[in-house]
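*Asks:* Sharing model.cif here; it has mmCIF, C-alpha atoms.
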data_run
loop_
_atom_site.label_atom_id
_atom_site.label_comp_id
_atom_site.auth_asym_id
_atom_site.auth_seq_id
_atom_site.Cartn_x
_atom_site.Cartn_y
_atom_site.Cartn_z
CA MET A 1 -26.27 2.85 -2.85
CA PRO A 2 -22.98 4.84 -2.47
CA ALA A 3 -20.35 4.27 -5.14
CA TRP A 4 -17.88 2.73 -2.67
CA ALA A 5 -20.39 0.03 -1.76
CA GLN A 6 -20.89 -1.27 -5.32
CA MET A 7 -19.18 -4.64 -5.33
CA SER A 8 -17.31 -5.92 -8.35
CA ARG A 9 -19.39 -8.92 -9.27
CA PRO A 10 -17.86 -12.38 -8.95
CA ARG A 11 -17.10 -13.67 -12.41
CA ARG A 12 -16.93 -17.33 -11.55
CA ALA A 13 -17.57 -19.70 -8.64
CA LEU A 14 -16.93 -23.29 -9.66
CA GLY A 15 -17.08 -24.89 -6.24
CA LEU A 16 -17.93 -24.39 -2.60
CA ILE A 17 -15.21 -23.31 -0.18
CA PRO A 18 -14.56 -26.13 2.32
CA ALA A 19 -15.48 -25.11 5.86
CA ALA A 20 -12.07 -26.22 7.09
CA TRP A 21 -10.37 -23.47 5.06
CA LEU A 22 -12.35 -20.80 6.88
CA ALA A 23 -12.00 -22.40 10.28
CA ALA A 24 -8.24 -22.88 9.97
CA PRO A 25 -6.61 -20.33 7.63
CA ALA A 26 -3.17 -21.84 8.30
CA LEU A 27 -4.23 -24.87 6.28
CA LEU A 28 -3.80 -22.82 3.14
CA SER A 29 -0.08 -22.34 3.75
CA PRO A 30 1.86 -24.45 1.24
CA ALA A 31 4.70 -24.77 3.77
CA LEU A 32 2.41 -26.84 5.98
CA LEU A 33 0.90 -28.94 3.21
CA ARG A 34 3.76 -30.11 1.03
CA PRO A 35 7.10 -31.85 1.56
CA ALA A 36 10.27 -29.79 1.10
CA SER A 37 10.88 -31.27 -2.35
CA ALA A 38 7.39 -30.55 -3.65
CA GLN A 39 6.17 -27.83 -5.98
CA PRO A 40 7.45 -24.23 -5.60
CA VAL A 41 5.59 -21.27 -4.13
CA HIS A 42 2.64 -20.06 -6.27
CA SER A 43 1.74 -23.68 -7.16
CA PRO A 44 -0.76 -24.63 -4.44
CA TRP A 45 -2.15 -28.08 -3.81
CA PHE A 46 -5.63 -26.81 -4.72
CA ASP A 47 -6.88 -24.78 -7.67
CA PRO A 48 -7.49 -21.19 -6.44
CA THR A 49 -9.46 -20.39 -9.57
CA GLN A 50 -12.30 -22.54 -8.19
CA LEU A 51 -12.95 -19.62 -5.82
CA PRO A 52 -15.13 -16.66 -6.83
CA SER A 53 -13.25 -14.20 -9.04
CA TYR A 54 -13.57 -10.41 -9.10
CA SER A 55 -12.42 -8.51 -12.18
CA GLY A 56 -12.17 -4.83 -13.03
CA ARG A 57 -9.85 -1.89 -13.53
CA LEU A 58 -7.42 -0.91 -10.80
CA GLU A 59 -8.15 2.54 -9.39
CA ARG A 60 -5.13 2.75 -7.10
CA TRP A 61 -2.83 0.93 -4.72
CA LEU A 62 -3.10 1.77 -1.01
CA ALA A 63 -0.29 1.69 1.55
CA ASN A 64 -0.29 1.19 5.31
CA PRO A 65 1.30 3.76 7.67
CA ALA A 66 4.68 2.01 7.39
CA GLY A 67 4.63 2.63 3.63
CA ALA A 68 4.02 -0.96 2.47
CA VAL A 69 1.29 -1.53 -0.13
CA ASP A 70 -1.20 -4.07 1.21
CA ARG A 71 -4.43 -3.46 -0.70
CA GLY A 72 -5.88 -2.30 -4.00
CA LEU A 73 -9.05 -0.50 -4.97
CA PHE A 74 -11.16 -1.38 -8.00
CA ARG A 75 -12.71 1.53 -9.88
CA GLU A 76 -16.09 0.05 -8.94
CA GLY A 77 -15.24 0.55 -5.26
CA THR A 78 -14.30 -2.94 -4.09
CA GLN A 79 -11.14 -3.25 -1.99
CA PHE A 80 -8.92 -6.32 -2.11
CA VAL A 81 -6.40 -7.02 0.62
CA PHE A 82 -3.15 -9.00 0.52
CA PRO A 83 0.05 -9.29 2.59
CA PRO A 84 2.70 -6.58 2.02
CA SER A 85 5.03 -9.31 0.74
CA GLU A 86 2.77 -9.61 -2.32
CA GLY A 87 2.72 -5.87 -3.04
CA GLU A 88 5.86 -5.59 -5.16
CA ALA A 89 4.85 -8.37 -7.56
CA LEU A 90 1.37 -6.89 -7.96
CA MET A 91 2.63 -3.37 -8.62
CA GLN A 92 5.18 -4.63 -11.16
CA SER A 93 2.45 -6.48 -13.05
CA ILE A 94 -0.47 -4.07 -12.84
CA SER A 95 -0.56 -0.27 -13.02
CA PRO A 96 -3.48 1.98 -12.05
CA GLY A 97 -6.03 1.88 -14.86
CA GLY A 98 -5.02 -1.64 -15.87
CA PRO A 99 -7.15 -4.78 -15.62
CA ILE A 100 -6.87 -7.14 -12.69
CA CYS A 101 -8.62 -10.29 -11.55
CA VAL A 102 -8.50 -11.56 -7.97
CA TRP A 103 -9.77 -14.84 -6.57
CA GLY A 104 -10.72 -14.89 -2.92
CA ILE A 105 -13.26 -14.63 -0.14
CA ARG A 106 -15.59 -11.64 0.07
CA ALA A 107 -16.77 -10.22 3.38
CA ARG A 108 -20.44 -10.88 4.01
CA SER A 109 -21.52 -7.26 4.48
CA ALA A 110 -18.90 -4.98 2.88
CA PRO A 111 -17.11 -4.56 -0.47
CA VAL A 112 -13.78 -6.14 0.43
CA VAL A 113 -12.12 -9.35 -0.80
CA LEU A 114 -9.42 -11.37 0.93
CA THR A 115 -7.05 -12.15 -1.96
CA LEU A 116 -5.93 -15.77 -2.35
CA ALA A 117 -4.77 -15.56 -5.98
CA TRP A 118 -4.52 -12.92 -8.71
CA ALA A 119 -3.76 -12.34 -12.40
CA ARG A 120 -4.17 -9.61 -14.98
CA ALA A 121 -7.14 -11.50 -16.41
CA ASP A 122 -9.08 -14.63 -15.54
CA THR A 123 -7.74 -16.23 -18.73
CA GLU A 124 -4.14 -16.03 -17.46
CA PRO A 125 -2.42 -18.35 -14.96
CA ALA A 126 -3.14 -17.25 -11.41
CA SER A 127 -0.40 -16.30 -8.92
CA PHE A 128 -1.08 -17.85 -5.52
CA VAL A 129 -0.80 -15.74 -2.34
CA GLU A 130 1.32 -17.91 -0.06
CA ARG A 131 0.29 -16.29 3.25
CA PRO A 132 -3.09 -14.57 2.86
CA ALA A 133 -3.83 -11.48 4.96
CA TRP A 134 -6.50 -13.08 7.14
CA PHE A 135 -5.91 -10.33 9.69
CA VAL A 136 -4.52 -6.82 9.17
CA ALA A 137 -1.24 -6.39 11.05
CA LYS A 138 -0.83 -3.07 12.82
CA GLU A 139 1.98 -1.25 11.01
CA HIS A 140 3.39 1.96 12.47
CA GLY A 141 4.66 5.03 10.65
CA ARG A 142 7.59 7.11 11.85
CA THR A 143 7.10 10.58 10.40
CA PRO A 144 4.54 13.01 11.93
CA LEU A 145 2.15 13.93 9.11
CA ARG A 146 -1.16 15.69 8.48
CA LEU A 147 -3.69 14.59 5.86
CA THR A 148 -6.63 16.75 4.81
CA GLY A 149 -9.19 15.84 2.16
CA ARG A 150 -12.63 14.47 1.47
CA ILE A 151 -13.64 10.96 2.47
CA LEU A 152 -14.06 8.57 -0.46
CA ALA A 153 -14.89 5.35 1.41
CA PRO A 154 -14.20 3.47 4.63
CA LEU A 155 -10.99 1.48 4.86
CA LEU A 156 -12.00 -2.12 5.56
CA THR A 157 -10.54 -5.15 7.32
CA PRO A 158 -10.83 -8.51 5.53
CA ARG A 159 -13.90 -9.17 7.72
CA GLY A 160 -15.56 -5.97 6.47
CA GLU A 161 -15.08 -3.86 9.60
CA GLY A 162 -14.19 -0.18 9.33
CA MET A 163 -10.56 0.60 10.19
CA GLY A 164 -10.20 4.17 8.88
CA VAL A 165 -10.99 5.94 5.61
CA ILE A 166 -9.69 6.32 2.06
CA VAL A 167 -9.31 9.97 1.09
CA ALA A 168 -10.43 11.01 -2.38
CA ASP A 169 -6.99 12.26 -3.46
CA GLY A 170 -5.46 8.85 -2.74
CA GLY A 171 -4.34 9.01 0.88
CA ALA A 172 -5.47 6.73 3.70
CA ILE A 173 -6.22 7.36 7.38
CA HIS A 174 -5.82 4.25 9.54
CA LEU A 175 -7.66 3.62 12.81
CA SER A 176 -8.23 0.64 15.04
CA VAL A 177 -11.61 -1.05 14.58
CA GLU A 178 -12.61 0.20 18.05
CA ALA A 179 -11.61 3.80 17.28
CA HIS A 180 -13.46 3.67 13.97
CA ARG A 181 -16.64 2.69 15.77
CA SER A 182 -16.29 5.45 18.36
CA LEU A 183 -15.56 8.14 15.73
CA ASN A 184 -18.07 6.91 13.18
CA ASP A 185 -19.90 10.27 13.15
CA LEU A 186 -16.81 11.87 11.58
CA LEU A 187 -16.26 9.20 8.93
CA THR A 188 -19.13 9.68 6.48
CA PRO A 189 -18.15 9.40 2.78
CA GLY A 190 -18.26 12.77 1.03
CA GLU A 191 -17.45 14.74 4.20
CA PRO A 192 -14.18 16.62 4.81
CA ILE A 193 -11.62 15.10 7.14
CA THR A 194 -8.29 16.07 8.71
CA ALA A 195 -6.04 13.68 10.59
CA GLU A 196 -2.63 13.86 12.19
CA GLY A 197 -0.32 11.04 13.19
CA PRO A 198 2.77 9.03 12.27
CA GLY A 199 2.88 7.73 8.73
CA THR A 200 4.61 7.68 5.36
CA GLU A 201 4.34 9.78 2.21
CA ILE A 202 4.99 8.01 -1.10
CA GLY A 203 4.45 9.63 -4.50
CA GLY A 204 2.61 12.54 -2.93
CA ARG A 205 0.12 10.25 -1.17
CA ILE A 206 0.02 9.93 2.60
CA ALA A 207 -0.91 6.93 4.76
CA LEU A 208 -0.97 7.62 8.48
CA GLU A 209 -2.11 6.18 11.79
CA ALA A 210 -4.38 8.88 13.20
CA THR A 211 -3.79 10.19 16.72
CA THR A 212 -6.06 13.24 16.28
CA LEU A 213 -9.02 13.61 13.93
CA GLY A 214 -11.63 16.20 12.95
CA ARG A 215 -13.65 17.83 10.20
CA GLU A 216 -11.12 20.65 9.89
CA PRO A 217 -7.68 21.49 11.30
CA GLY A 218 -9.08 23.87 13.93
CA ASN A 219 -11.52 21.32 15.35
CA MET A 220 -9.57 18.15 16.14
CA ARG A 221 -10.10 15.57 18.88
CA PRO A 222 -7.89 12.77 20.19
CA VAL A 223 -8.33 9.30 18.75
CA PRO A 224 -9.11 6.72 21.46
CA GLN A 225 -6.15 4.42 21.98
CA ARG A 226 -6.50 0.74 22.86
#
Could you rewrite the structure in this file as structure tokens?
*Replies:*
Amino acid sequence: MPAWAQMSRPRRALGLIPAAWLAAPALLSPALLRPASAQPVHSPWFDPTQLPSYSGRLERWLANPAGAVDRGLFREGTQFVFPPSEGEALMQSISPGGPICVWGIRARSAPVVLTLAWARADTEPASFVERPAWFVAKEHGRTPLRLTGRILAPLLTPRGEGMGVIVADGGAIHLSVEAHRSLNDLLTPGEPITAEGPGTEIGGRIALEATTLGREPGNMRPVPQR
């Protein structure tokens, strides 16, 4: 089994997830479930720590092409996704190499967790994610960039579908789910990859939305557009 596919094991699952939560994600929004005078954000009406928890060391934070951090990567290979609005609080609390625990819903067939709550350890109070990233919003970069490296793992949607790749040096190449499927022969972990497209560079790491893609700069092909 490749290293990226080794899931961080759930530490705790104290109850089943009601079917209504999965059928209607909006039900988890505190704004819809409490009166204006009720408890503040990060104090949900349910206990998020009843959900399965996934603990480990943070390998790195990953940004979208617009430059907003919207996911993390455990050293064990599991990705956990969250809305960009949660990124600043997470990065202020946890640095790469530090411990982190997330509570959430894991995709059935891929190592990715939709984050509903998080903490530095499962013994600490959990911070609730007010608007979970049930779907990945398409964020556009503005600066034309090129990223060359070796593929570490596929970039995954919360449902476990491929939507690009994570590059070993820390960058990320974003694709639509449809484009990922059509270019799957170029996206094998361990293989070299070059991509060009609009994106953002932060701290020497690039995240871009690929418009052309190939094994090497001299052998590129257009990325199918929806």
*Asks:* Where does the PyMOL selection byres ((chain A and resi 214) around 12) land in this file, that is, which residues does it pick, as a PyMOL selection string?
*Replies:* chain A and resi 146-151+173+183-188+191-196+210-213+215-223
*Asks:* Expanded to explicit residues, what is the PyMOL selection byres ((chain A and resi 105) around 8) for this file, as an NGL selection string?
*Replies:* :A and (51-52 or 103-104 or 106-107 or 113-116)
*Asks:* Written as a PDB file with C-alpha atoms, in the coordinates of the input, what is the full residue list that the PyMOL selection byres ((chain A and resi 174) around 9) yields on the file shown?
*Replies:*
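Written out: result-v7.pdb:
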ATOM      1  CA  ASN A  64      -0.290   1.190   5.310  1.00  0.00           C
ATOM      2  CA  PRO A  65       1.300   3.760   7.670  1.00  0.00           C
ATOM      3  CA  LEU A 155     -10.990   1.480   4.860  1.00  0.00           C
ATOM      4  CA  MET A 163     -10.560   0.600  10.190  1.00  0.00           C
ATOM      5  CA  GLY A 164     -10.200   4.170   8.880  1.00  0.00           C
ATOM      6  CA  VAL A 165     -10.990   5.940   5.610  1.00  0.00           C
ATOM      7  CA  ILE A 166      -9.690   6.320   2.060  1.00  0.00           C
ATOM      8  CA  ALA A 172      -5.470   6.730   3.700  1.00  0.00           C
ATOM      9  CA  ILE A 173      -6.220   7.360   7.380  1.00  0.00           C
ATOM     10  CA  LEU A 175      -7.660   3.620  12.810  1.00  0.00           C
ATOM     11  CA  SER A 176      -8.230   0.640  15.040  1.00  0.00           C
ATOM     12  CA  HIS A 180     -13.460   3.670  13.970  1.00  0.00           C
ATOM     13  CA  ALA A 207      -0.910   6.930   4.760  1.00  0.00           C
ATOM     14  CA  LEU A 208      -0.970   7.620   8.480  1.00  0.00           C
ATOM     15  CA  GLU A 209      -2.110   6.180  11.790  1.00  0.00           C
ATOM     16  CA  ALA A 210      -4.380   8.880  13.200  1.00  0.00           C
TER      17      ALA A 210
END
*Asks:* Would you mind reading off the distance between CA of Glu139 in chain A and CA of Ser127 in chain A, one decimal, in Å?
*Replies:*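 Interatomic distance here is 25.1 Å.
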*Asks:* Rounded to one decimal in Å, what is the spacing between CA of Cys101 in chain A and CA of Ala153 in chain A?
*Replies:*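 Here the two named atoms are 21.3 Å from each other.
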*Asks:* Smallest atom-to-atom distance to Gln225 in chain A: which of A:Ala179, A:Val102, A:Leu90, A:Ala168, using all atoms listed in the file?
*Replies:* A:Ala179
*Asks:* Contacts of Glu88 in chain A at 12 Å or less, counting only C-alpha atoms, minus same-chain residues fewer than 5 places along, as a list in words?
*Replies:*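 Residues near the query, excluding close chain neighbours: Trp61, Ala63, Ala68, Val69, Asp70, Arg71, Phe82, Pro83, Ser93, Ile94 and Ser95 of chain A.
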*Asks:* Between CA of Pro84 in chain A and CA of Ser55 in chain A, what is the spacing in Å?
*Replies:*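 Separating CA of Ser55 in chain A from CA of Pro84 in chain A is a distance of 20.8 Å.
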*Asks:* When you look at range 197-205 of chain A with a cut-off of 6 Å (counting only C-alpha atoms), what residues show up, excluding the ones that are within fewer than 6 positions of it in the same chain? I need them as a ChimeraX atom specification.
*Replies:* /A:65,67,141-145,170-171,211
*Asks:* So, counting all atoms listed in the file, which residue among A:Leu152, A:Ala126, A:Ala89, A:Ala121 is closest to Arg75 in chain A?
*Replies:*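 Ranking A:Leu152, A:Ala126, A:Ala89, A:Ala121 by distance to Arg75 in chain A, first place goes to A:Leu152.
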*Asks:* Given the choices A:Phe80, A:Phe46, A:Phe135, A:Trp118, which gets closest to Arg60 in chain A if the distance is worked out from all atoms listed in the file?
*Replies:*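 Among A:Phe80, A:Phe46, A:Phe135, A:Trp118, it is A:Phe80 that comes nearest to Arg60 in chain A.
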*Asks:* Ranking A:Gly162, A:Pro189, A:Ala66, A:Asp122 by minimum distance to His140 in chain A and counting all atoms listed in the file, which one comes first?
*Replies:* A:Ala66
*Asks:* Taking 2 positions as the minimum chain separation for residues in the same chain, which residues sit within 7 Å of Gly160 in chain A when counting all atoms listed in the file? Answer as a CSV table (one decimal) with C-alpha atoms, in the coordinates of the input.
*Replies:*
chain,number,residue,atom,x,y,z
A,107,ALA,CA,-16.8,-10.2,3.4
A,109,SER,CA,-21.5,-7.3,4.5
A,110,ALA,CA,-18.9,-5.0,2.9
A,112,VAL,CA,-13.8,-6.1,0.4
A,156,LEU,CA,-12.0,-2.1,5.6
A,157,THR,CA,-10.5,-5.2,7.3
A,158,PRO,CA,-10.8,-8.5,5.5
A,162,GLY,CA,-14.2,-0.2,9.3
